[in-house]
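run36.cif follows; it contains mmCIF, C-alpha atoms.
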```
data_work
loop_
_atom_site.label_atom_id
_atom_site.label_comp_id
_atom_site.auth_asym_id
_atom_site.auth_seq_id
_atom_site.Cartn_x
_atom_site.Cartn_y
_atom_site.Cartn_z
CA MET A 252 22.63 65.93 61.29
CA GLU A 253 23.94 62.42 60.72
CA PHE A 254 22.44 58.99 61.22
CA ASN A 255 23.63 57.50 64.51
CA ALA A 256 23.79 53.69 64.58
CA THR A 257 23.52 53.52 68.38
CA ALA A 258 20.52 55.83 68.66
CA GLN A 259 18.96 54.60 65.39
CA ALA A 260 18.05 58.23 64.71
CA LEU A 261 19.43 61.42 63.20
CA LYS A 262 21.82 63.06 65.66
CA CYS A 263 23.66 66.35 65.67
CA PRO A 264 27.40 65.71 66.24
CA ASN A 265 27.72 69.10 67.96
CA CYS A 266 24.79 69.46 70.37
CA GLY A 267 23.64 65.83 70.53
CA ARG A 268 20.02 66.56 69.55
CA GLU A 269 18.22 63.53 68.11
CA VAL A 270 15.42 63.31 65.58
CA GLU A 271 13.50 60.06 65.06
CA ILE A 272 13.32 58.65 61.53
CA GLU A 273 9.88 57.66 60.33
CA ASN A 274 9.54 53.94 59.62
CA ASN A 275 6.42 53.10 57.62
CA LEU A 276 6.51 49.35 56.97
CA GLU A 277 3.62 49.66 54.52
CA ARG A 278 6.14 51.19 52.10
CA VAL A 279 8.32 48.04 52.15
CA VAL A 280 6.65 46.46 49.14
CA GLU A 281 7.21 43.15 47.36
CA HIS A 282 6.91 43.71 43.60
CA ASN A 283 5.63 41.09 41.18
CA LEU A 284 8.47 39.68 39.11
CA ASP A 285 7.15 39.84 35.56
CA LEU A 286 8.59 40.32 32.08
CA HIS A 287 7.96 44.07 32.19
CA ALA A 288 10.10 44.49 35.33
CA ILE A 289 12.89 42.31 33.96
CA ARG A 290 12.97 44.23 30.66
CA THR A 291 12.78 47.76 32.07
CA ILE A 292 14.82 47.75 35.29
CA LYS A 293 18.31 48.04 33.83
CA VAL A 294 21.52 49.84 34.69
CA GLU A 295 21.74 53.36 33.32
CA GLU A 296 24.31 53.86 30.59
CA LYS A 297 26.13 56.90 31.96
CA THR A 298 29.45 57.53 33.63
CA SER A 299 28.80 60.64 35.72
CA THR A 300 26.21 63.25 36.67
CA SER A 301 26.46 67.00 37.35
CA MET A 302 24.68 67.88 40.59
CA GLU A 303 24.05 71.21 42.34
CA CYS A 304 25.26 71.32 45.96
CA GLU A 305 22.33 71.96 48.28
CA GLY A 306 24.70 73.79 50.65
CA CYS A 307 26.53 76.36 48.52
CA GLY A 308 25.10 75.93 45.04
CA ALA A 309 28.31 74.67 43.40
CA MET A 310 28.04 72.20 40.54
CA VAL A 311 29.69 68.92 41.50
CA GLU A 312 30.50 66.01 39.16
CA ILE A 313 29.37 62.78 40.78
CA ASP A 314 30.33 59.20 39.94
CA ALA A 315 27.45 57.39 38.28
CA THR A 316 27.28 54.71 40.99
CA SER A 317 27.30 57.10 43.97
CA SER A 318 24.13 58.36 45.63
CA THR A 319 25.70 60.37 48.47
CA THR A 320 28.63 62.74 48.40
CA THR A 321 30.48 65.55 50.18
CA CYS A 322 30.84 68.91 48.46
CA PRO A 323 34.54 69.67 47.93
CA TYR A 324 33.84 73.41 48.26
CA CYS A 325 31.75 73.75 51.43
CA GLY A 326 32.15 70.26 52.88
CA SER A 327 28.40 69.68 53.20
CA PRO A 328 27.41 65.97 53.16
CA TYR A 329 24.12 65.37 51.38
CA VAL A 330 22.05 62.68 49.72
CA LEU A 331 21.44 62.81 46.00
CA ALA A 332 17.71 62.26 46.38
CA LYS A 333 17.01 63.48 42.84
CA LYS A 334 19.46 60.98 41.42
CA GLN A 335 17.82 58.15 43.38
CA VAL A 336 14.54 58.99 41.68
CA GLU A 337 16.26 58.87 38.29
CA SER A 338 17.28 55.25 38.89
CA ILE A 339 15.08 53.45 41.43
CA ILE A 340 14.16 54.32 45.00
CA PRO A 341 14.93 51.40 47.37
CA ASP A 342 11.95 49.64 48.93
CA GLY A 343 13.72 49.42 52.26
CA VAL A 344 16.97 49.66 54.17
CA ILE A 345 18.71 47.70 56.92
CA PRO A 346 20.20 50.52 59.04
CA PHE A 347 23.72 50.45 60.45
CA LYS A 348 23.66 49.03 63.98
CA ILE A 349 27.43 48.92 64.51
CA ASP A 350 28.86 52.34 65.29
CA LYS A 351 32.00 53.41 63.45
CA LYS A 352 33.88 53.77 66.74
CA ASP A 353 33.36 50.04 67.37
CA VAL A 354 34.89 49.07 64.01
CA GLU A 355 38.44 49.62 65.28
CA VAL A 356 37.89 47.12 68.11
CA ILE A 357 36.37 44.58 65.71
CA PHE A 358 39.26 44.96 63.25
CA THR A 359 41.92 44.77 66.00
CA ASN A 360 40.43 41.60 67.51
CA TRP A 361 40.20 40.07 64.04
CA ILE A 362 43.80 40.79 63.04
CA LYS A 363 45.10 39.47 66.38
CA LYS A 364 43.64 36.05 65.52
CA ARG A 365 45.34 35.92 62.12
CA TRP A 366 48.29 33.83 63.30
CA LEU A 367 49.95 33.77 59.89
CA ALA A 368 49.72 37.53 59.37
CA PRO A 369 52.87 39.67 59.82
CA ASN A 370 52.93 41.39 63.21
CA VAL A 371 53.15 44.82 61.58
CA LEU A 372 49.53 44.49 60.38
CA LYS A 373 48.31 45.11 63.91
CA THR A 374 49.36 48.75 63.53
CA LEU A 375 48.00 49.41 60.03
CA TYR A 376 44.41 50.26 61.03
CA GLN A 377 43.44 53.82 60.04
CA LYS A 378 40.11 55.32 61.06
CA ASP A 379 40.00 57.72 58.14
CA LYS A 380 40.13 54.83 55.65
CA VAL A 381 37.00 53.10 56.99
CA GLN A 382 33.88 53.79 54.94
CA GLY A 383 30.33 53.03 55.93
CA ILE A 384 28.54 52.09 52.71
CA TYR A 385 24.93 51.22 52.04
CA MET A 386 25.23 48.53 49.38
CA PRO A 387 22.30 47.92 46.99
CA TYR A 388 20.85 44.42 46.96
CA TRP A 389 17.97 42.64 45.31
CA THR A 390 15.85 40.17 47.27
CA PHE A 391 13.72 37.48 45.64
CA ASP A 392 10.81 35.38 46.91
CA ALA A 393 9.43 32.29 45.19
CA ASP A 394 7.21 29.34 45.95
CA THR A 395 8.71 26.18 44.41
CA SER A 396 7.46 22.71 43.64
CA THR A 397 10.08 20.13 42.63
CA ASN A 398 9.90 16.56 41.37
CA TYR A 399 13.28 14.85 41.50
CA THR A 400 14.85 11.56 40.48
CA ALA A 401 18.06 10.11 41.86
CA MET A 402 20.03 6.95 42.56
CA GLY A 403 20.01 5.81 46.18
CA GLY A 404 22.72 3.45 47.42
CA ILE A 405 22.53 0.85 50.20
CA ASP A 406 25.82 -0.34 51.69
CA TYR A 407 26.50 -3.96 52.59
CA GLU A 408 29.53 -5.95 53.73
CA VAL A 409 31.23 -8.56 51.56
CA GLU A 410 33.79 -11.07 52.78
CA TYR A 411 36.77 -11.96 50.60
CA ARG A 412 40.13 -13.72 50.86
CA ASP A 413 43.43 -12.11 49.94
CA ASP A 414 46.41 -13.77 48.26
CA LYS A 415 47.47 -15.23 51.61
CA GLY A 416 44.07 -16.77 52.24
CA GLU A 417 43.17 -14.38 55.05
CA VAL A 418 39.54 -13.29 55.32
CA HIS A 419 38.67 -9.60 55.15
CA THR A 420 35.52 -7.54 54.66
CA ARG A 421 34.82 -4.62 52.40
CA ILE A 422 31.88 -2.30 51.81
CA GLU A 423 30.01 -2.41 48.53
CA THR A 424 26.98 -0.44 47.42
CA LYS A 425 23.84 -1.46 45.56
CA TRP A 426 22.20 1.38 43.68
CA TYR A 427 18.44 1.80 43.20
CA PRO A 428 16.42 4.39 41.27
CA THR A 429 14.30 6.62 43.49
CA ARG A 430 12.14 9.71 43.18
CA GLY A 431 10.48 12.26 45.42
CA HIS A 432 8.78 15.63 45.71
CA ILE A 433 9.81 18.84 47.53
CA ASN A 434 7.78 21.95 48.23
CA HIS A 435 9.73 24.94 49.50
CA PHE A 436 9.15 28.68 49.85
CA PHE A 437 12.20 30.89 49.36
CA ASP A 438 12.01 34.14 51.29
CA ASP A 439 14.38 37.05 50.64
CA VAL A 440 17.11 35.37 48.61
CA LEU A 441 19.82 38.06 48.70
CA VAL A 442 21.65 38.98 45.50
CA ARG A 443 24.08 41.90 45.33
CA ALA A 444 23.14 44.76 43.01
CA SER A 445 26.63 46.28 42.79
CA ASN A 446 29.92 44.80 41.61
CA LYS A 447 32.22 47.31 43.31
CA LEU A 448 33.07 45.17 46.37
CA SER A 449 34.31 41.58 46.36
CA GLU A 450 31.42 39.13 45.96
CA THR A 451 33.39 36.53 47.95
CA LEU A 452 33.95 38.84 50.92
CA LEU A 453 30.35 40.05 50.83
CA SER A 454 29.06 36.47 50.98
CA TRP A 455 31.30 35.71 53.98
CA ILE A 456 29.84 38.53 56.09
CA GLU A 457 26.24 37.43 55.52
CA PRO A 458 23.58 36.83 56.76
CA TYR A 459 21.53 39.98 57.21
CA ASN A 460 18.21 40.00 59.01
CA THR A 461 15.91 40.98 56.17
CA LYS A 462 12.95 40.82 58.58
CA GLN A 463 14.31 44.02 60.14
CA VAL A 464 14.12 46.06 56.93
CA ALA A 465 12.94 49.60 57.56
CA SER A 466 11.14 51.73 55.01
CA TYR A 467 13.57 53.75 52.92
CA SER A 468 14.45 57.27 54.01
CA PRO A 469 17.34 59.45 52.82
CA ASP A 470 17.98 60.21 56.51
CA TYR A 471 19.64 56.79 56.90
CA MET A 472 22.19 57.84 54.26
CA SER A 473 23.28 60.99 56.09
CA GLY A 474 26.92 60.59 57.10
CA PHE A 475 27.38 57.43 55.03
CA CYS A 476 28.14 56.52 51.43
CA SER A 477 25.65 54.68 49.25
CA GLU A 478 25.49 53.38 45.70
CA ILE A 479 22.88 52.90 43.04
CA TYR A 480 22.56 49.45 41.52
CA THR A 481 24.92 48.37 38.73
CA ILE A 482 23.49 44.86 38.21
CA ASP A 483 20.26 44.53 36.24
CA LEU A 484 17.21 42.85 37.73
CA LYS A 485 17.40 40.17 35.03
CA ASP A 486 21.00 39.21 35.85
CA ALA A 487 20.27 39.30 39.59
CA HIS A 488 17.25 37.05 39.06
CA ASN A 489 19.43 34.50 37.27
CA ASP A 490 21.82 34.50 40.25
CA ALA A 491 18.88 34.01 42.62
CA MET A 492 17.61 31.08 40.55
CA ASN A 493 21.04 29.44 40.73
CA LYS A 494 21.04 29.83 44.52
CA MET A 495 17.57 28.30 44.74
CA ARG A 496 18.56 25.37 42.53
CA ARG A 497 21.61 24.62 44.68
CA ASP A 498 19.46 24.64 47.82
CA ILE A 499 16.80 22.42 46.24
CA HIS A 500 19.52 20.01 45.07
CA TYR A 501 20.82 19.84 48.64
CA MET A 502 17.28 19.24 49.97
CA ALA A 503 16.77 16.40 47.48
CA GLU A 504 20.03 14.77 48.59
CA ARG A 505 19.01 15.02 52.25
CA ASP A 506 15.61 13.52 51.37
CA VAL A 507 17.20 10.52 49.64
CA LEU A 508 19.64 9.98 52.51
CA MET A 509 16.71 9.54 54.88
CA ARG A 510 16.04 6.23 53.07
CA TYR A 511 19.44 5.27 51.66
CA ASP A 512 23.10 5.33 52.70
CA ARG A 513 24.33 7.21 49.64
CA VAL A 514 22.97 9.36 46.82
CA ARG A 515 24.07 10.32 43.33
CA SER A 516 22.72 11.46 39.94
CA VAL A 517 20.11 13.87 41.33
CA ARG A 518 17.93 15.46 38.65
CA LEU A 519 15.44 18.24 39.35
CA ASN A 520 12.25 19.43 37.65
CA THR A 521 11.24 22.62 39.45
CA SER A 522 8.31 24.96 38.93
CA TYR A 523 8.36 28.51 40.36
CA TYR A 524 5.23 30.37 41.48
CA ASP A 525 4.34 33.82 42.84
CA GLU A 526 7.80 35.29 42.29
CA THR A 527 8.42 38.73 43.78
CA TYR A 528 11.38 41.06 44.29
CA LYS A 529 12.37 44.19 46.15
CA HIS A 530 15.35 46.53 46.17
CA ILE A 531 17.04 47.25 49.53
CA PHE A 532 20.19 48.74 51.03
CA ILE A 533 22.37 46.76 53.44
CA PRO A 534 25.10 48.26 55.69
CA VAL A 535 28.77 47.42 55.08
CA TYR A 536 31.94 48.88 56.54
CA SER A 537 34.83 48.70 54.09
CA THR A 538 38.50 49.38 54.64
CA ALA A 539 41.65 48.68 52.66
CA TYR A 540 45.35 48.76 53.41
CA ILE A 541 48.57 48.35 51.48
CA TYR A 542 51.32 45.96 52.57
CA LYS A 543 54.49 45.69 50.49
CA GLY A 544 52.77 47.10 47.42
CA ASN A 545 49.74 44.80 47.54
CA HIS A 546 46.18 45.88 48.32
CA TYR A 547 44.04 44.00 50.85
CA ASN A 548 40.35 44.58 51.60
CA VAL A 549 38.39 43.97 54.78
CA LEU A 550 34.58 44.11 55.05
CA ILE A 551 32.44 44.28 58.18
CA ASN A 552 28.73 43.57 58.41
CA GLY A 553 27.26 46.88 59.61
CA GLU A 554 24.35 45.09 61.29
CA THR A 555 26.08 42.23 63.14
CA GLY A 556 29.79 43.16 63.16
CA LYS A 557 30.82 39.97 61.35
CA ILE A 558 34.17 40.57 59.68
CA LYS A 559 36.04 38.92 56.82
CA GLY A 560 39.03 40.09 54.90
CA GLU A 561 42.19 39.50 52.97
CA TYR A 562 45.60 39.55 54.60
CA PRO A 563 49.18 38.58 53.68
CA LYS A 564 50.76 35.45 55.16
CA SER A 565 54.14 35.69 56.82
CA PRO A 566 56.66 33.31 55.15
CA VAL A 567 58.61 33.15 58.43
CA LYS A 568 55.56 32.00 60.40
CA ILE A 569 54.59 29.47 57.73
CA ALA A 570 58.11 28.02 57.72
CA ALA A 571 58.08 27.80 61.52
CA ILE A 572 54.78 25.88 61.49
CA ILE A 573 56.08 23.46 58.85
CA ILE A 574 59.23 22.81 60.89
CA ILE A 575 57.17 22.14 64.02
CA ILE A 576 54.87 19.72 62.16
CA LEU A 577 57.81 17.87 60.61
CA GLY A 578 59.42 17.64 64.05
CA ILE A 579 56.27 16.12 65.54
CA LEU A 580 55.94 13.63 62.69
CA PHE A 581 59.58 12.64 63.03
CA GLY A 582 59.12 12.11 66.77
CA ILE A 583 56.10 9.88 66.12
CA TYR A 584 58.12 7.91 63.57
CA LEU A 585 60.96 7.34 66.01
CA ALA A 586 58.55 6.22 68.73
CA SER A 587 56.69 3.84 66.44
CA SER A 588 59.91 2.32 65.04
CA ASN A 589 60.70 0.96 68.50
CA GLU A 590 57.47 -0.98 68.72
CA ASP A 591 56.50 -4.20 66.99
CA ILE A 592 53.48 -3.11 65.05
CA SER A 593 51.90 -5.17 62.30
CA TYR A 594 49.50 -3.87 59.83
CA ASN A 595 46.91 -5.72 57.72
CA ASP A 596 46.61 -4.32 54.24
CA GLU A 597 42.92 -4.10 53.92
CA ILE A 598 41.48 -3.21 50.55
CA GLU A 599 38.32 -1.23 50.56
CA ASN A 600 36.12 -0.90 47.52
CA THR A 601 33.69 1.75 48.60
CA GLN A 602 31.67 3.75 46.16
CA TYR A 603 31.06 7.26 47.37
CA SER A 604 28.21 9.58 46.58
CA GLU A 605 28.84 12.19 43.94
CA SER A 606 27.04 14.73 46.11
CA ILE A 607 28.91 17.21 48.27
CA ASP A 608 27.70 18.74 51.52
CA TYR A 609 28.83 22.18 50.39
CA LYS A 610 27.64 23.86 53.59
CA THR A 611 30.03 21.76 55.66
CA TYR A 612 32.91 22.48 53.27
CA ALA A 613 32.07 26.18 53.24
CA SER A 614 32.29 26.27 57.02
CA PHE A 615 35.66 24.48 56.91
CA PHE A 616 37.18 26.74 54.25
CA GLU A 617 35.87 29.82 56.01
CA GLU A 618 38.09 29.05 58.98
CA GLU A 619 41.06 27.98 56.87
CA MET A 620 41.08 30.83 54.37
CA PHE A 621 39.98 33.74 56.56
#
```

Once more with this new file: its structure as structure tokens, please.
Amino acid sequence: MEFNATAQALKCPNCGREVEIENNLERVVEHNLDLHAIRTIKVEEKTSTSMECEGCGAMVEIDATSSTTTCPYCGSPYVLAKKQVESIIPDGVIPFKIDKKDVEVIFTNWIKKRWLAPNVLKTLYQKDKVQGIYMPYWTFDADTSTNYTAMGGIDYEVEYRDDKGEVHTRIETKWYPTRGHINHFFDDVLVRASNKLSETLLSWIEPYNTKQVASYSPDYMSGFCSEIYTIDLKDAHNDAMNKMRRDIHYMAERDVLMRYDRVRSVRLNTSYYDETYKHIFIPVYSTAYIYKGNHYNVLINGETGKIKGEYPKSPVKIAAIIIIILGILFGIYLASSNEDISYNDEIENTQYSESIDYKTYASFFEEEMF
């Protein structure tokens, strides 16, 4: 039997019989993040493992980062439950909710909207190259208390005369020291526990609803691939801390901008309390294709269907767009040259904040790059 994303149960592909998977939420445990956990939960130093097939008894050599496989002799798919125990059993799993048959539609709709992609890409989708993978992730919780200092700027207008004696105005900024305090609880900060797939693509297909984590069962793995973690708890915790610091920095900037027009030189002093972690699996569909000798990867969120990927840009289409833009600009120039337009050279001396609203830029680049 295989896990069926639509039924959210084990299902026989031949007769259609379904078996419910037990979900005991009491087994989804938050572990205390202490020095013992950080020192002991590390990646195993081995490259492969010999496993006995539960179907025919053959010995199969398994990649060290795989936790499910198909026997090359009898074709039986099975979960390497013993191997999971040797590393670390996940505390929970977000099951696949997008069926594999829906992936083709998602990919086709996505590639149709890639205007700069060569037309031939629309025919490159291959069902047999799509893999449903349960990717290992760490999640971190922490209660934080932050004192911050910063410089807040207030804008004001100043009149001045140019060389011709004409009066203009410009914006200047007066800077003042300020301070504040932020309390924030971080819940389920996601950090990948495997480095096999692109970190950039994985971040683009987030978020995942970690409130819907089910208790771990090998039944969810049936019919899918899965991996054991390859990133230590210590390294993952450092990544989580960096994410928290960036968010706190952003919160401090927003707090200052409630009282001032601009902000710069934010400094943080953060204390972390009641830190916990857990190890979960999240669902990802992965596919790759080759175009003119280059490899391109596409990932799909197995819970929401959100898709991001790499694709080649057609030089012909790019050239056509540039020609059209130049034509429009030239038309505007010709139209404006027939009018009597005067411009006042106004000099602005505006000091801008050193802070960046990275969430706004991330949204912009997401549309531009993918």

What's around region 520-522 of chain A at 9 Å? Count only C-alpha atoms, leave out sequence neighbours fewer than 4 positions away in its own chain, and write the answer as a PDB file with C-alpha atoms, in the frame of the given file.
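Here's the written file result10.pdb:
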```
ATOM      1  CA  ASP A 394       7.210  29.340  45.950  1.00  0.00           C
ATOM      2  CA  THR A 395       8.710  26.180  44.410  1.00  0.00           C
ATOM      3  CA  SER A 396       7.460  22.710  43.640  1.00  0.00           C
ATOM      4  CA  THR A 397      10.080  20.130  42.630  1.00  0.00           C
ATOM      5  CA  ASN A 398       9.900  16.560  41.370  1.00  0.00           C
ATOM      6  CA  TYR A 399      13.280  14.850  41.500  1.00  0.00           C
ATOM      7  CA  THR A 400      14.850  11.560  40.480  1.00  0.00           C
ATOM      8  CA  ARG A 496      18.560  25.370  42.530  1.00  0.00           C
ATOM      9  CA  ILE A 499      16.800  22.420  46.240  1.00  0.00           C
TER      10      ILE A 499
END
```

Checklist entry - Applied to this file, what does the PyMOL selection byres ((chain A and resi 485) around 12) return in terms of residues, put as number ranges by chain? => result A: 284-294, 389, 391, 442, 444, 481-484, 486-492, 528

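The environment of Gly404 (chain A) within 9 Å, counting all atoms listed in the file and disregarding residues fewer than 6 places along the same chain, consists of Thr424, Lys425, Trp426, Tyr427, Pro428, Leu508, Tyr511, Asp512, Arg513, Val514, Arg515 and Ser604 of chain A.
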
Item to check | Given the PyMOL selection byres ((chain A and resi 260) around 7), the residues it picks as an NGL selection string | outcome: :A and (254-255 or 258-259 or 261-262 or 269-272)

File of the preceding selection, C-alpha atoms, as a CSV table (one decimal), keeping the file's coordinate frame:
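Wrote it out as part.csv, contents follow:
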```
chain,number,residue,atom,x,y,z
A,254,PHE,CA,22.4,59.0,61.2
A,255,ASN,CA,23.6,57.5,64.5
A,258,ALA,CA,20.5,55.8,68.7
A,259,GLN,CA,19.0,54.6,65.4
A,261,LEU,CA,19.4,61.4,63.2
A,262,LYS,CA,21.8,63.1,65.7
A,269,GLU,CA,18.2,63.5,68.1
A,270,VAL,CA,15.4,63.3,65.6
A,271,GLU,CA,13.5,60.1,65.1
A,272,ILE,CA,13.3,58.6,61.5
```

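The residue that comes closest to Thr420 (chain A), out of A:Ile384, A:Gly474, A:Ala465, A:Tyr407 and on the basis of only C-alpha atoms, is A:Tyr407.
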
Checklist entry - Nearest to Val549 (chain A) among A:Leu452, A:Val507, A:Leu580, A:Val440, with distances taken over all atoms listed in the file: which residue is it? => result A:Leu452

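Using all atoms listed in the file, the smallest distance between any of A:Gln382, A:Ser449, A:Gln463, A:Thr390 and Pro346 (chain A) comes from A:Gln463.
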
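Here CA of Lys352 (chain A) is placed at a distance of 11.9 Å from CA of Gly553 (chain A).
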
Checklist entry - So what does the PyMOL selection byres ((chain A and resi 531) around 10) actually pick up in this one, as JSON, numbers by chain? => result {"A": [279, 340, 341, 342, 343, 344, 345, 385, 386, 387, 388, 389, 390, 441, 443, 444, 461, 464, 465, 466, 467, 480, 528, 529, 530, 532, 533]}

Return as AutoDock Vina command-line options the centre and edge lengths, in Å with one decimal, of the box along x, y and z that encloses every atom of region 379-397 of chain A in the file, padded by 5 Å per side.
```
--center_x 23.7 --center_y 38.9 --center_z 50.4 --size_x 42.9 --size_y 47.6 --size_z 25.5
```

Checklist entry - Which polymer residues have any atom within 12 Å of an atom of Thr451 (chain A), counting only C-alpha atoms, with same-chain residues fewer than 2 positions away left out, as a ChimeraX atom specification? => result /A:443,446-449,453-457,548-550,559-561,613,617,620-621

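CA of Pro563 (chain A) lies 26.4 Å from CA of Ile579 (chain A).
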
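For the choices A:Asn493, A:Thr527, A:Arg268, A:Glu504, the atom-to-atom distance to His282 (chain A) is smallest for A:Thr527 when using only C-alpha atoms.
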
Next on the checklist: I'd like the interatomic distance between CA of Asp353 (chain A) and CA of His546 (chain A), to a tenth of an Å.
Outcome noted: 23.3 Å
